[in-house]
Amino acid sequence: MKILIHKASPVFGQFLSHRLVIDGNVVIHAESDVDLIQKVERDNYDLIVLISNRLSLADTGSLRVLTRKGKVIVLSSVYDGKAVMEAYKMGICMYMTLPLDLSRFIKKVRAL
């Protein structure tokens, strides 16, 4: 599976990447929001993983663009029920809170 990770948290993004590569995936990193959008417009990905310190209603607008390009999983340290529901309406396939249960996450990714 070809996976794009937008890593707001570089250390956790590297850790998650390493684990996904061990599982046989190809992982590409987006270092910024601009880099993320450019990579999504240039190439196709089976999965887009957004690691965010927040998810607000303002952020869900950009999810519409991403969900048209592939399956999107949001990993966030903050749970805002309204924003999460709006994100699901935009088409994300999964929202998980941090700290992450890595084995559960890997199982979910394999199921996709």
# chains A, B, ... in the order shown; residues from 1 in each chain; ligands from 1

$ residues_around --residues "Val109 in chain A" --least-positions-apart "4" --cutoff "9 Å" --atoms "only C-alpha atoms" --output "list in words"
Leu47, Arg104 and Phe105 of chain A

$ closest_atom_pairs --of "range 52-109 of chain A" --to "range 9-25 of chain A" --cutoff "12 Å" --atoms "only C-alpha atoms" --output "Markdown table"
| residue | atom | partner | partner_atom | distance |
| --- | --- | --- | --- | --- |
| A:Ser52 | CA | A:Ser9 | CA | 7.6 |
| A:Asn53 | CA | A:Ser9 | CA | 8.1 |
| A:Arg54 | CA | A:Ser9 | CA | 11.6 |
| A:Leu75 | CA | A:Gly13 | CA | 10.6 |
| A:Ser76 | CA | A:Ser9 | CA | 10.4 |
| A:Ser77 | CA | A:Ser9 | CA | 10.9 |
| A:Leu98 | CA | A:Phe12 | CA | 10.4 |
| A:Pro99 | CA | A:Phe12 | CA | 10.1 |
| A:Leu100 | CA | A:Leu16 | CA | 10.0 |
| A:Asp101 | CA | A:Leu16 | CA | 11.3 |
| A:Leu102 | CA | A:Leu16 | CA | 8.3 |
| A:Ser103 | CA | A:Arg19 | CA | 10.0 |
| A:Phe105 | CA | A:Leu16 | CA | 9.9 |
| A:Ile106 | CA | A:Leu20 | CA | 7.6 |
| A:Lys107 | CA | A:Asp23 | CA | 10.5 |
| A:Lys108 | CA | A:Leu20 | CA | 11.9 |
| A:Val109 | CA | A:Leu20 | CA | 9.0 |

$ select_by_dssp --residues "range 29-96 of chain A" --states "helix (DSSP H, G or I)" --output "VMD selection string"
chain A and resid 33 to 42 60 to 69 81 to 90

$ write_last_selection --atoms "C-alpha atoms" --output "JSON list (two decimals), in the first residue's frame"
[["chain", "number", "residue", "atom", "x", "y", "z"],
["A", 33, "ASP", "CA", 0.34, 21.56, 4.57],
["A", 34, "VAL", "CA", 1.59, 22.94, 1.25],
["A", 35, "ASP", "CA", 3.78, 19.88, 0.68],
["A", 36, "LEU", "CA", 0.79, 17.63, 1.49],
["A", 37, "ILE", "CA", -1.47, 19.28, -1.08],
["A", 38, "GLN", "CA", 1.28, 19.29, -3.74],
["A", 39, "LYS", "CA", 1.99, 15.59, -3.24],
["A", 40, "VAL", "CA", -1.70, 14.67, -3.31],
["A", 41, "GLU", "CA", -2.18, 16.62, -6.54],
["A", 42, "ARG", "CA", 0.89, 15.02, -8.18],
["A", 60, "THR", "CA", -12.45, 19.90, 7.91],
["A", 61, "GLY", "CA", -12.75, 21.97, 4.73],
["A", 62, "SER", "CA", -9.35, 20.78, 3.50],
["A", 63, "LEU", "CA", -10.40, 17.19, 4.19],
["A", 64, "ARG", "CA", -12.87, 17.39, 1.31],
["A", 65, "VAL", "CA", -9.94, 17.80, -1.11],
["A", 66, "LEU", "CA", -7.98, 14.94, 0.45],
["A", 67, "THR", "CA", -10.87, 12.47, 0.61],
["A", 68, "ARG", "CA", -11.38, 12.87, -3.13],
["A", 69, "LYS", "CA", -7.82, 11.67, -3.63],
["A", 81, "GLY", "CA", -17.07, 15.91, 18.56],
["A", 82, "LYS", "CA", -18.49, 18.42, 16.07],
["A", 83, "ALA", "CA", -15.27, 18.54, 14.06],
["A", 84, "VAL", "CA", -14.95, 14.75, 14.04],
["A", 85, "MET", "CA", -18.55, 14.30, 12.84],
["A", 86, "GLU", "CA", -17.97, 16.90, 10.13],
["A", 87, "ALA", "CA", -14.76, 15.10, 9.11],
["A", 88, "TYR", "CA", -16.69, 11.84, 8.73],
["A", 89, "LYS", "CA", -19.24, 13.69, 6.60],
["A", 90, "MET", "CA", -16.35, 14.89, 4.43]]

$ residues_around --residues "Cys93 in chain A" --least-positions-apart "6" --cutoff "8 Å" --atoms "only C-alpha atoms" --output "PyMOL selection string"
chain A and resi 71-73

$ closest_residue --among "A:Leu112, A:Ile92, A:Ile28, A:Val78" --to "Ile5 in chain A" --atoms "only C-alpha atoms"
A:Ile28

$ residues_around --residues "Lys7 in chain A" --least-positions-apart "5" --cutoff "7 Å" --atoms "only C-alpha atoms" --output "PyMOL selection string"
chain A and resi 13+30-31+50-51
